[in-house]
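A.B. asks: This is entry20.cif (mmCIF, C-alpha atoms).
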```
data_target
#
loop_
_atom_site.label_atom_id
_atom_site.label_comp_id
_atom_site.auth_asym_id
_atom_site.auth_seq_id
_atom_site.Cartn_x
_atom_site.Cartn_y
_atom_site.Cartn_z
CA MET R 1 85.74 110.32 166.38
CA SER R 2 85.32 113.47 168.30
CA GLN R 3 87.44 116.53 168.09
CA SER R 4 89.57 117.84 170.87
CA TYR R 5 88.76 121.24 172.14
CA ASN R 6 89.42 123.31 175.19
CA ARG R 7 86.67 122.97 177.75
CA GLY R 8 88.41 125.58 179.84
CA LEU R 9 87.58 125.74 183.49
CA ILE R 10 85.95 122.34 183.66
CA GLU R 11 89.19 120.57 183.01
CA ASP R 12 91.64 122.45 185.17
CA PHE R 13 92.20 124.06 188.52
CA GLY R 14 89.72 126.80 187.68
CA ARG R 15 87.08 124.72 189.40
CA TRP R 16 88.90 124.97 192.72
CA LYS R 17 85.72 126.06 194.44
CA GLU R 18 84.36 122.57 193.93
CA PHE R 19 87.36 120.75 195.38
CA SER R 20 86.80 118.48 198.34
CA ALA R 21 88.90 118.06 201.47
CA GLY R 22 91.16 115.34 200.09
CA MET R 23 91.97 117.42 197.05
CA TRP R 24 92.82 120.47 199.14
CA ALA R 25 95.03 118.34 201.37
CA TRP R 26 96.88 117.16 198.28
CA ILE R 27 97.33 120.69 196.93
CA PHE R 28 98.54 122.05 200.28
CA HIS R 29 100.88 119.12 200.72
CA LYS R 30 102.45 119.71 197.31
CA PHE R 31 102.67 123.45 197.90
CA THR R 32 104.24 123.15 201.35
CA GLY R 33 106.62 120.51 200.06
CA TRP R 34 107.91 122.80 197.34
CA MET R 35 108.18 125.69 199.80
CA LEU R 36 110.31 123.56 202.11
CA ILE R 37 112.60 122.56 199.23
CA GLY R 38 112.93 126.23 198.30
CA TYR R 39 113.75 127.10 201.90
CA LEU R 40 116.41 124.39 201.96
CA PHE R 41 118.37 126.22 199.26
CA THR R 42 118.23 129.59 201.02
CA HIS R 43 119.19 127.79 204.23
CA ILE R 44 122.28 126.34 202.54
CA ALA R 45 123.13 129.77 201.13
CA VAL R 46 123.03 131.37 204.59
CA LEU R 47 125.01 128.56 206.21
CA SER R 48 127.70 128.68 203.53
CA SER R 49 128.50 132.26 204.51
CA ALA R 50 130.40 130.59 207.38
CA LEU R 51 132.94 129.43 204.82
CA THR R 52 134.41 132.93 204.68
CA GLY R 53 134.78 133.12 208.48
CA PRO R 54 132.80 133.30 211.74
CA GLU R 55 132.23 137.07 211.49
CA ALA R 56 130.68 136.82 208.05
CA TYR R 57 128.25 134.22 209.32
CA THR R 58 127.33 136.22 212.42
CA ASN R 59 126.86 139.36 210.36
CA THR R 60 124.65 137.54 207.87
CA ILE R 61 122.45 136.02 210.57
CA GLN R 62 122.17 139.25 212.56
CA GLY R 63 121.51 141.25 209.46
CA LEU R 64 118.74 138.91 208.35
CA GLU R 65 117.17 138.63 211.80
CA SER R 66 116.96 142.38 212.17
CA LEU R 67 114.67 142.50 209.15
CA PHE R 68 110.93 142.46 209.86
CA ILE R 69 110.13 140.65 206.61
CA ILE R 70 112.47 137.79 207.56
CA ARG R 71 110.62 137.34 210.87
CA VAL R 72 107.31 137.22 209.01
CA LEU R 73 108.73 134.68 206.58
CA GLU R 74 109.95 132.59 209.53
CA VAL R 75 106.40 132.43 210.87
CA GLY R 76 105.31 131.36 207.41
CA LEU R 77 108.03 128.75 207.29
CA LEU R 78 106.87 127.33 210.59
CA ALA R 79 103.27 127.19 209.35
CA VAL R 80 104.36 125.44 206.16
CA ALA R 81 106.55 122.96 208.02
CA VAL R 82 103.94 122.18 210.68
CA PHE R 83 101.24 121.57 208.10
CA HIS R 84 103.53 119.37 206.05
CA ILE R 85 104.41 117.32 209.13
CA LEU R 86 100.82 116.94 210.33
CA ASN R 87 99.45 116.13 206.89
CA GLY R 88 102.38 113.78 206.40
CA LEU R 89 101.25 111.91 209.51
CA ARG R 90 97.75 111.88 208.10
CA LEU R 91 99.04 110.42 204.83
CA LEU R 92 101.00 107.84 206.79
CA MET R 93 97.77 106.74 208.43
CA VAL R 94 96.08 106.66 205.06
CA ASP R 95 98.89 104.47 203.71
CA LEU R 96 98.46 102.12 206.64
CA GLY R 97 94.75 101.98 205.98
CA ILE R 98 93.77 103.66 209.24
CA GLY R 99 90.92 106.13 209.41
CA LEU R 100 90.20 106.43 205.71
CA ASP R 101 86.59 107.24 206.50
CA THR R 102 87.63 110.26 208.52
CA GLN R 103 90.36 111.50 206.21
CA ASP R 104 88.55 114.82 205.68
CA LYS R 105 88.28 115.40 209.42
CA SER R 106 91.96 114.65 209.97
CA PHE R 107 92.77 117.18 207.24
CA TYR R 108 90.69 119.84 208.99
CA ALA R 109 92.32 118.88 212.29
CA SER R 110 95.80 119.34 210.81
CA LEU R 111 94.73 122.75 209.47
CA VAL R 112 93.41 123.85 212.86
CA LEU R 113 96.48 122.56 214.69
CA THR R 114 98.73 124.35 212.22
CA ALA R 115 96.85 127.58 212.81
CA ILE R 116 97.09 127.26 216.60
CA ILE R 117 100.81 126.46 216.59
CA THR R 118 101.53 129.27 214.12
CA VAL R 119 99.64 131.86 216.16
CA ALA R 120 101.31 130.66 219.35
CA SER R 121 104.73 131.04 217.74
CA VAL R 122 104.23 134.67 216.71
CA PRO R 123 105.46 136.28 220.01
CA THR R 124 108.64 134.18 219.91
CA PHE R 125 109.44 134.96 216.30
CA MET R 126 108.58 138.64 216.57
CA ASP R 127 110.64 139.20 219.72
CA GLY R 128 112.96 142.21 219.57
CA VAL R 129 112.41 143.33 216.02
CA THR R 130 111.17 146.71 214.87
CA ILE R 131 109.46 147.39 211.63
CA MET X 1 57.45 109.86 185.81
CA SER X 2 59.62 108.34 188.46
CA THR X 3 58.88 105.12 190.22
CA GLN X 4 59.16 106.79 193.60
CA GLN X 5 56.14 108.89 192.86
CA GLN X 6 53.84 106.08 192.05
CA LYS X 7 54.77 104.01 195.05
CA PRO X 8 52.20 105.45 197.46
CA ASN X 9 49.43 104.74 194.98
CA THR X 10 50.24 101.09 194.61
CA GLN X 11 50.50 100.76 198.37
CA GLU X 12 47.02 102.15 198.81
CA THR X 13 45.40 99.62 196.53
CA PRO X 14 45.32 96.61 198.84
CA GLU X 15 43.98 98.65 201.74
CA ASP X 16 40.49 99.33 200.44
CA PRO X 17 39.48 96.95 197.71
CA GLU X 18 35.77 97.15 198.62
CA MET X 19 35.55 100.91 198.49
CA LYS X 20 36.55 100.96 194.86
CA GLY X 21 33.64 98.66 194.02
CA ALA X 22 33.79 96.42 191.03
CA GLU X 23 36.94 97.89 189.56
CA SER X 24 39.76 95.42 189.17
CA PRO X 25 43.28 96.45 190.16
CA GLN X 26 44.18 96.64 186.50
CA GLN X 27 41.37 99.09 185.78
CA GLU X 28 42.49 101.16 188.72
CA ARG X 29 46.00 101.26 187.40
CA LEU X 30 44.75 102.26 183.99
CA LYS X 31 42.76 105.06 185.54
CA GLU X 32 45.77 106.20 187.49
CA LYS X 33 47.81 106.14 184.34
CA GLU X 34 45.21 108.22 182.54
CA SER X 35 45.04 110.78 185.29
CA ASP X 36 48.82 110.88 185.28
CA MET X 37 48.81 111.57 181.58
CA VAL X 38 46.21 114.28 182.01
CA ASP X 39 48.43 115.81 184.67
CA GLU X 40 51.38 115.82 182.36
CA THR X 41 49.59 117.43 179.45
CA SER X 42 48.13 120.07 181.70
CA VAL X 43 51.64 120.87 182.84
CA ASP X 44 52.64 121.18 179.23
CA GLU X 45 49.75 123.48 178.39
CA SER X 46 50.13 125.78 181.31
CA GLU X 47 53.78 125.83 180.36
CA LEU X 48 56.11 126.66 183.22
CA GLU X 49 53.37 127.30 185.71
CA GLY X 50 54.03 125.75 189.05
CA ASP X 51 57.44 124.48 190.04
CA THR X 52 60.00 124.33 187.29
CA VAL X 53 63.71 123.71 187.32
CA LEU X 54 66.16 125.39 185.04
CA ILE X 55 68.72 122.98 183.67
CA LYS X 56 71.71 124.16 181.71
CA VAL X 57 72.87 121.39 179.44
CA PHE X 58 76.18 121.25 177.62
CA ARG X 59 75.76 121.03 173.84
CA TYR X 60 78.44 120.12 171.34
CA ASP X 61 78.40 118.26 168.07
CA PRO X 62 81.35 118.39 165.69
CA GLU X 63 79.13 117.30 162.80
CA VAL X 64 76.57 120.08 163.07
CA ALA X 65 77.68 123.51 161.95
CA ASP X 66 76.06 125.62 164.69
CA LYS X 67 76.98 123.17 167.46
CA GLN X 68 80.70 122.99 166.78
CA GLU X 69 81.25 125.72 169.31
CA PRO X 70 80.46 124.22 172.73
CA ARG X 71 77.62 126.01 174.50
CA PHE X 72 75.01 125.60 177.20
CA ASP X 73 71.31 125.32 176.39
CA ASP X 74 68.70 126.28 178.98
CA PHE X 75 65.66 124.09 179.52
CA HIS X 76 62.81 124.80 181.90
CA VAL X 77 61.53 121.47 183.10
CA PRO X 78 58.41 121.04 185.27
CA PHE X 79 59.49 119.77 188.64
CA LYS X 80 57.95 116.65 190.11
CA LYS X 81 58.72 115.22 193.50
CA GLY X 82 61.27 112.45 193.16
CA MET X 83 62.57 113.77 189.88
CA THR X 84 66.14 112.86 189.02
CA VAL X 85 68.63 114.62 186.79
CA LEU X 86 68.08 111.90 184.20
CA ASP X 87 64.31 112.49 184.31
CA ALA X 88 64.96 116.17 183.68
CA VAL X 89 67.20 115.69 180.65
CA MET X 90 64.84 113.05 179.30
CA TYR X 91 61.97 115.52 179.63
CA ALA X 92 64.04 118.17 177.87
CA ARG X 93 64.86 115.76 175.07
CA ASP X 94 61.31 114.45 174.64
CA THR X 95 59.63 117.83 174.88
CA TYR X 96 62.00 120.47 173.56
CA ASP X 97 64.93 119.15 171.59
CA SER X 98 65.06 115.59 170.30
CA SER X 99 68.69 116.05 169.27
CA LEU X 100 69.81 116.29 172.90
CA THR X 101 72.05 113.26 173.24
CA PHE X 102 73.01 111.27 176.32
CA ARG X 103 73.44 107.64 177.31
CA HIS X 104 70.96 106.02 179.63
CA SER X 105 69.44 102.62 180.02
CA CYS X 106 68.23 101.10 183.26
CA ARG X 107 67.41 104.29 185.20
CA GLN X 108 68.18 102.59 188.50
CA ALA X 109 71.92 103.01 188.98
CA VAL X 110 72.79 99.57 187.70
CA CYS X 111 73.89 99.97 184.09
CA GLY X 112 76.32 102.82 184.67
CA SER X 113 75.50 104.62 181.43
CA ASP X 114 74.47 108.03 182.66
CA ALA X 115 77.37 109.45 184.63
CA PHE X 116 77.32 113.22 184.10
CA PHE X 117 79.19 116.17 185.54
CA VAL X 118 76.34 117.75 187.49
CA ASN X 119 76.96 121.02 189.30
CA GLY X 120 80.70 120.42 189.33
CA LYS X 121 80.66 116.84 190.49
CA GLN X 122 80.57 113.48 188.76
CA ARG X 123 77.21 111.90 189.52
CA LEU X 124 74.86 109.31 188.11
CA GLY X 125 71.96 111.12 186.47
CA CYS X 126 69.42 108.52 187.55
CA LYS X 127 70.60 108.51 191.16
CA THR X 128 70.74 112.25 191.72
CA GLN X 129 67.60 113.96 192.98
CA ILE X 130 66.93 117.36 191.44
CA SER X 131 65.69 118.55 194.84
CA GLU X 132 69.11 117.96 196.39
CA LEU X 133 70.89 120.22 193.93
CA GLU X 134 71.44 123.91 193.76
CA HIS X 135 69.55 125.61 190.97
CA PRO X 136 70.06 126.15 188.10
CA VAL X 137 71.38 122.64 187.54
CA ARG X 138 74.41 122.56 185.28
CA ILE X 139 74.78 119.29 183.40
CA GLU X 140 77.98 118.57 181.50
CA PRO X 141 79.69 115.50 180.06
CA LEU X 142 82.34 113.83 182.21
CA PRO X 143 85.56 115.85 182.34
CA HIS X 144 88.87 114.51 181.04
CA GLN X 145 87.20 112.41 178.37
CA GLU X 146 86.64 113.35 174.75
CA VAL X 147 83.13 114.52 174.07
CA VAL X 148 81.49 112.72 171.18
CA LYS X 149 78.26 114.66 171.26
CA ASP X 150 76.43 116.64 173.94
CA LEU X 151 76.67 114.55 177.12
CA VAL X 152 78.18 111.50 175.45
CA VAL X 153 81.87 110.95 176.09
CA ASP X 154 84.29 108.52 174.54
CA MET X 155 84.70 105.63 177.00
CA ASP X 156 87.20 103.60 174.96
CA HIS X 157 90.19 104.57 177.06
CA PHE X 158 88.33 103.77 180.27
CA TYR X 159 87.36 100.34 178.98
CA ASP X 160 90.92 99.72 177.79
CA GLN X 161 92.20 100.37 181.28
CA MET X 162 89.53 98.13 182.77
CA HIS X 163 90.54 95.27 180.49
CA THR X 164 94.24 95.76 181.28
CA VAL X 165 93.74 94.29 184.76
CA GLU X 166 92.08 91.15 183.35
CA PRO X 167 88.74 91.71 185.04
CA TYR X 168 87.57 88.11 185.07
CA PHE X 169 87.88 85.15 187.37
CA GLN X 170 90.86 82.98 186.52
CA ASN X 171 90.86 79.57 188.06
CA GLU X 172 90.52 76.59 185.83
CA ASP X 173 90.74 74.08 188.63
CA THR X 174 87.55 72.59 189.89
CA PRO X 175 87.53 72.18 193.67
CA ASP X 176 89.67 69.34 194.94
CA ALA X 177 86.79 67.83 196.84
CA SER X 178 85.12 66.29 193.84
CA ASP X 179 81.65 66.33 195.36
CA LEU X 180 81.51 70.09 194.85
CA GLU X 181 80.76 71.44 191.45
CA GLU X 182 81.04 75.09 192.39
CA GLN X 183 83.97 77.04 193.75
CA ARG X 184 82.96 78.11 197.19
CA GLN X 185 84.01 81.29 198.89
CA THR X 186 84.06 81.86 202.62
CA ARG X 187 81.62 84.42 203.99
CA GLU X 188 84.49 86.51 205.33
CA ASN X 189 86.15 86.60 201.95
CA ARG X 190 82.89 87.53 200.27
CA GLU X 191 82.49 90.41 202.73
CA LYS X 192 86.00 91.56 201.92
CA VAL X 193 85.37 91.89 198.20
CA LYS X 194 81.70 92.83 198.52
CA MET X 195 82.01 96.55 197.99
CA SER X 196 84.45 96.17 195.11
CA THR X 197 81.99 93.97 193.21
CA ARG X 198 79.50 96.81 193.07
CA CYS X 199 81.34 98.69 190.32
CA ILE X 200 79.07 99.51 187.38
CA TRP X 201 81.79 100.85 185.05
CA CYS X 202 80.26 104.32 184.91
CA GLY X 203 83.65 106.02 184.78
CA ALA X 204 82.84 108.72 187.33
CA CYS X 205 85.93 107.92 189.43
CA MET X 206 88.30 107.98 186.48
CA SER X 207 86.87 111.31 185.40
CA SER X 208 87.29 112.82 188.87
CA CYS X 209 90.87 111.64 189.26
CA ASN X 210 93.41 114.39 188.92
CA ILE X 211 96.22 111.92 188.34
CA ALA X 212 94.38 109.98 185.65
CA ALA X 213 93.74 113.29 183.92
CA GLY X 214 97.44 114.03 183.72
CA ASP X 215 98.69 110.51 183.12
CA ASN X 216 96.89 108.61 180.38
CA GLU X 217 98.65 105.39 181.24
CA TYR X 218 97.48 105.36 184.85
CA LEU X 219 95.10 102.45 185.34
CA GLY X 220 92.65 104.59 187.26
CA PRO X 221 90.54 103.85 190.34
CA ALA X 222 87.93 101.67 188.62
CA ALA X 223 90.45 99.32 187.05
CA ILE X 224 92.44 99.00 190.27
CA ASN X 225 89.24 98.32 192.17
CA LYS X 226 88.42 95.62 189.65
CA ALA X 227 91.85 94.11 190.17
CA TYR X 228 91.27 94.24 193.94
CA ARG X 229 88.04 92.34 193.52
CA PHE X 230 89.92 89.39 192.00
CA ALA X 231 93.28 89.69 193.75
CA MET X 232 91.55 89.49 197.13
CA ASP X 233 89.34 86.60 196.09
CA ASN X 234 90.63 83.49 197.88
CA ARG X 235 89.34 81.18 195.21
CA GLU X 236 92.04 82.33 192.87
CA GLY X 237 95.42 80.74 193.46
CA GLU X 238 98.57 82.42 194.78
CA GLU X 239 100.13 82.34 191.35
CA ILE X 240 97.41 84.31 189.65
CA LYS X 241 97.36 86.77 192.54
CA GLU X 242 101.05 87.41 191.98
CA HIS X 243 100.37 87.86 188.31
CA ARG X 244 97.71 90.45 189.15
CA LEU X 245 100.05 92.29 191.52
CA ARG X 246 102.73 92.37 188.83
CA ILE X 247 100.31 94.32 186.63
CA LEU X 248 99.35 96.63 189.47
CA GLU X 249 102.79 97.42 190.86
CA GLN X 250 104.07 98.83 187.60
CA GLU X 251 104.89 102.48 187.24
CA HIS X 252 101.41 103.48 186.14
CA GLY X 253 99.62 101.13 188.47
CA VAL X 254 98.75 101.63 192.12
CA TRP X 255 101.69 103.91 192.83
CA ARG X 256 100.25 106.76 190.78
CA CYS X 257 97.48 107.19 193.33
CA GLN X 258 98.19 110.15 195.58
CA THR X 259 95.19 109.68 197.85
CA GLN X 260 93.18 112.73 196.89
CA PHE X 261 90.02 110.74 197.66
CA SER X 262 88.28 112.31 194.65
CA CYS X 263 87.20 108.91 193.33
CA THR X 264 85.85 107.74 196.68
CA GLU X 265 83.99 111.02 196.93
CA VAL X 266 82.14 110.67 193.63
CA CYS X 267 81.57 106.92 193.39
CA PRO X 268 77.79 106.46 193.01
CA LYS X 269 78.01 102.96 194.45
CA ASP X 270 79.96 104.12 197.53
CA ILE X 271 82.92 101.87 196.83
CA PRO X 272 85.85 102.79 199.12
CA LEU X 273 88.19 103.08 196.13
CA THR X 274 91.08 104.77 197.88
CA GLU X 275 91.00 102.16 200.62
CA HIS X 276 91.23 99.38 198.04
CA ILE X 277 94.07 101.07 196.19
CA GLN X 278 95.97 101.56 199.44
CA GLU X 279 95.50 97.94 200.39
CA LEU X 280 96.89 96.82 197.04
CA LYS X 281 99.87 99.13 197.56
CA ARG X 282 100.56 97.35 200.84
CA GLU X 283 100.13 93.97 199.13
CA ALA X 284 102.61 95.01 196.45
CA VAL X 285 105.15 96.08 199.09
CA LYS X 286 104.64 92.88 201.08
CA LYS X 287 105.22 90.81 197.97
CA ASN X 288 108.58 92.44 197.35
CA LEU X 289 109.85 92.82 200.90
CA LYS X 290 112.27 90.16 201.98
CA PHE X 291 113.91 90.22 205.39
CA TRP X 292 116.53 87.64 204.70
#
```
In structure tokens, how does this file's structure come out?

C.D. replies:
Amino acid sequence: MSQSYNRGLIEDFGRWKEFSAGMWAWIFHKFTGWMLIGYLFTHIAVLSSALTGPEAYTNTIQGLESLFIIRVLEVGLLAVAVFHILNGLRLLMVDLGIGLDTQDKSFYASLVLTAIITVASVPTFMDGVTI
Amino acid sequence: MSTQQQKPNTQETPEDPEMKGAESPQQERLKEKESDMVDETSVDESELEGDTVLIKVFRYDPEVADKQEPRFDDFHVPFKKGMTVLDAVMYARDTYDSSLTFRHSCRQAVCGSDAFFVNGKQRLGCKTQISELEHPVRIEPLPHQEVVKDLVVDMDHFYDQMHTVEPYFQNEDTPDASDLEEQRQTRENREKVKMSTRCIWCGACMSSCNIAAGDNEYLGPAAINKAYRFAMDNREGEEIKEHRLRILEQEHGVWRCQTQFSCTEVCPKDIPLTEHIQELKREAVKKNLKFW
């Protein structure tokens, strides 16, 4: 029998340059999914400041929203959520057996749509904040 | 070397039998063969003049001291129109290093022996044209399988998974109409399973699958496709279909597939593997859904 040895980049994500559309869709879907779970916990943390009273909650929200980095992160959150939704629809179609031949195109379409929606959202998210 | 190259010659023969005089077709072929051989030796002598391709071939052999450390060997192979990756490694083996080891048999994408990892993708050596690849051509054994020697990988696990799904027709009953001796299939049903019957057990899909790489118990695309071929065959009874679905719907069956489409992408026989897996998922759900 043969010996085991480490073939390095062949076996792992080091060969990312050779990934095809379906693989990228899978990676992005996993990534965005974990980001959304992470956001959920920070979301709960912010909301639970209301437990100590209405002022505490208002102060927390206003304090966070006055930060430039938070606005940038919100744009990122939107991008992540939109991609996850669109690719989720794509996966739903795949599960139903619809359009499996064009699965790569629907992945590119969800990427483009995500980009458009994200760019369009920038003025709204960046309204009234200074760096 | 390749059959594609000689095709034009054989097509010419019937066109002008008179012109060639008394020579019989066999003599002509012999002459062609001779001239071919002369061509080849002249290529050898003028070594590396004209078009050559550089192939980088993975070398590893646990039993040879200086090959225990995996490495890539470079071979310059004279390029011929119609040359495949398999032709190139065969040339390298026959001309430069007879210890270069790889599986091959039919050379026409039927036996499924020569799946390699060529330029970062699982491909059949005999079905991949050198001219379609970026140079230098990097040839490695299939990923996620143990390498036995050079390009030869251990296929035992792959075959185990294939046998798990009972890849054979199971219907003892002869047709009820006793005047038939064969079990007939409708044309529609044949069309449905047609693509899935094309599997040649090369293991390219299994090797490309990210999930199979991380989960050794996962049946893998090839085995599930094999199960599809029989589960969707109408000639098998309902009972045996349920039995097949029971195998497939287990934890490491169809539900491991996360639709990365890697297998469909690399399949040299263009089997829509992901589509088949998805359909079996739906079958498995349908079997268990009860609305009453």

A.B. asks: Please evaluate the PyMOL selection byres ((chain X) within 10 of (chain R)) against the displayed coordinates and give the resulting residues as a short mmCIF file (atom, residue, chain, number, x, y, z; two decimals) with C-alpha atoms, in the frame of the given file.

C.D. replies:
```
data_model
loop_
_atom_site.label_atom_id
_atom_site.label_comp_id
_atom_site.auth_asym_id
_atom_site.auth_seq_id
_atom_site.Cartn_x
_atom_site.Cartn_y
_atom_site.Cartn_z
CA ASP X 61 78.40 118.26 168.07
CA PRO X 62 81.35 118.39 165.69
CA GLU X 63 79.13 117.30 162.80
CA GLN X 68 80.70 122.99 166.78
CA GLU X 69 81.25 125.72 169.31
CA PRO X 70 80.46 124.22 172.73
CA PHE X 117 79.19 116.17 185.54
CA ASN X 119 76.96 121.02 189.30
CA GLY X 120 80.70 120.42 189.33
CA LYS X 121 80.66 116.84 190.49
CA GLU X 140 77.98 118.57 181.50
CA PRO X 141 79.69 115.50 180.06
CA LEU X 142 82.34 113.83 182.21
CA PRO X 143 85.56 115.85 182.34
CA HIS X 144 88.87 114.51 181.04
CA GLN X 145 87.20 112.41 178.37
CA GLU X 146 86.64 113.35 174.75
CA VAL X 147 83.13 114.52 174.07
CA VAL X 148 81.49 112.72 171.18
CA LYS X 149 78.26 114.66 171.26
CA VAL X 153 81.87 110.95 176.09
CA ASP X 154 84.29 108.52 174.54
CA SER X 207 86.87 111.31 185.40
CA SER X 208 87.29 112.82 188.87
CA CYS X 209 90.87 111.64 189.26
CA ASN X 210 93.41 114.39 188.92
CA ALA X 213 93.74 113.29 183.92
CA GLN X 258 98.19 110.15 195.58
CA THR X 259 95.19 109.68 197.85
CA GLN X 260 93.18 112.73 196.89
CA PHE X 261 90.02 110.74 197.66
CA SER X 262 88.28 112.31 194.65
CA THR X 264 85.85 107.74 196.68
CA GLU X 265 83.99 111.02 196.93
CA PRO X 272 85.85 102.79 199.12
CA THR X 274 91.08 104.77 197.88
CA GLU X 275 91.00 102.16 200.62
CA HIS X 276 91.23 99.38 198.04
CA ILE X 277 94.07 101.07 196.19
CA GLN X 278 95.97 101.56 199.44
CA GLU X 279 95.50 97.94 200.39
CA LYS X 281 99.87 99.13 197.56
CA ARG X 282 100.56 97.35 200.84
#
```

A.B. asks: Starting from the PyMOL selection byres ((chain R and resi 110) around 10), expand the selection into actual residues of this file and give them as a list in words.

C.D. replies: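 That expression, the PyMOL selection byres ((chain R and resi 110) around 10), corresponds here to Ala25, Val82, Phe83, His84, Ile85, Leu86, Asn87, Gly88, Leu89, Arg90, Asp104, Lys105, Ser106, Phe107, Tyr108, Ala109, Leu111, Val112, Leu113, Thr114, Ala115 and Ile116 of chain R.
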
A.B. asks: Closest to Phe158 of chain X among X:Pro136, X:Glu191, X:Ala222, X:Gln170, using only C-alpha atoms?

C.D. replies: X:Ala222

A.B. asks: Can you translate the PyMOL selection byres ((chain X and resi 202) around 7) into the concrete residues it hits in this file, as a short mmCIF file (atom, residue, chain, number, x, y, z; two decimals) with C-alpha atoms, in the coordinates of the input?

C.D. replies:
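Below is the file result35.cif, written as the result:
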```cif
data_model
loop_
_atom_site.label_atom_id
_atom_site.label_comp_id
_atom_site.auth_asym_id
_atom_site.auth_seq_id
_atom_site.Cartn_x
_atom_site.Cartn_y
_atom_site.Cartn_z
CA GLY X 112 76.32 102.82 184.67
CA SER X 113 75.50 104.62 181.43
CA ALA X 115 77.37 109.45 184.63
CA ILE X 200 79.07 99.51 187.38
CA TRP X 201 81.79 100.85 185.05
CA GLY X 203 83.65 106.02 184.78
CA ALA X 204 82.84 108.72 187.33
#
```

A.B. asks: For Arg71 of chain X, work out the shell of residues within 8 Å, counting only C-alpha atoms and skipping chain neighbours fewer than 4 positions away, then give it as a PyMOL selection string.

C.D. replies: chain X and resi 58-60+67

A.B. asks: Please provide the set of residues having any atom within 9 Å of Thr130 of chain R, restricted to only C-alpha atoms, with same-chain residues fewer than 2 positions apart removed, written as a list of chain:residue names.

C.D. replies: R:Ser66, R:Leu67, R:Phe68, R:Met126, R:Asp127, R:Gly128

A.B. asks: With C-alpha atoms retained, export the selected residues as a PDB file, in the frame of the given file.

C.D. replies:
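So the final result, stored in out28.pdb, reads:
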```
ATOM      1  CA  SER R  66     116.960 142.380 212.170  1.00  0.00           C
ATOM      2  CA  LEU R  67     114.670 142.500 209.150  1.00  0.00           C
ATOM      3  CA  PHE R  68     110.930 142.460 209.860  1.00  0.00           C
ATOM      4  CA  MET R 126     108.580 138.640 216.570  1.00  0.00           C
ATOM      5  CA  ASP R 127     110.640 139.200 219.720  1.00  0.00           C
ATOM      6  CA  GLY R 128     112.960 142.210 219.570  1.00  0.00           C
TER       7      GLY R 128
END
```

A.B. asks: Atom CA of Val53 of chain X and atom CA of Phe79 of chain X, how far apart in Å?

C.D. replies: 5.9 Å
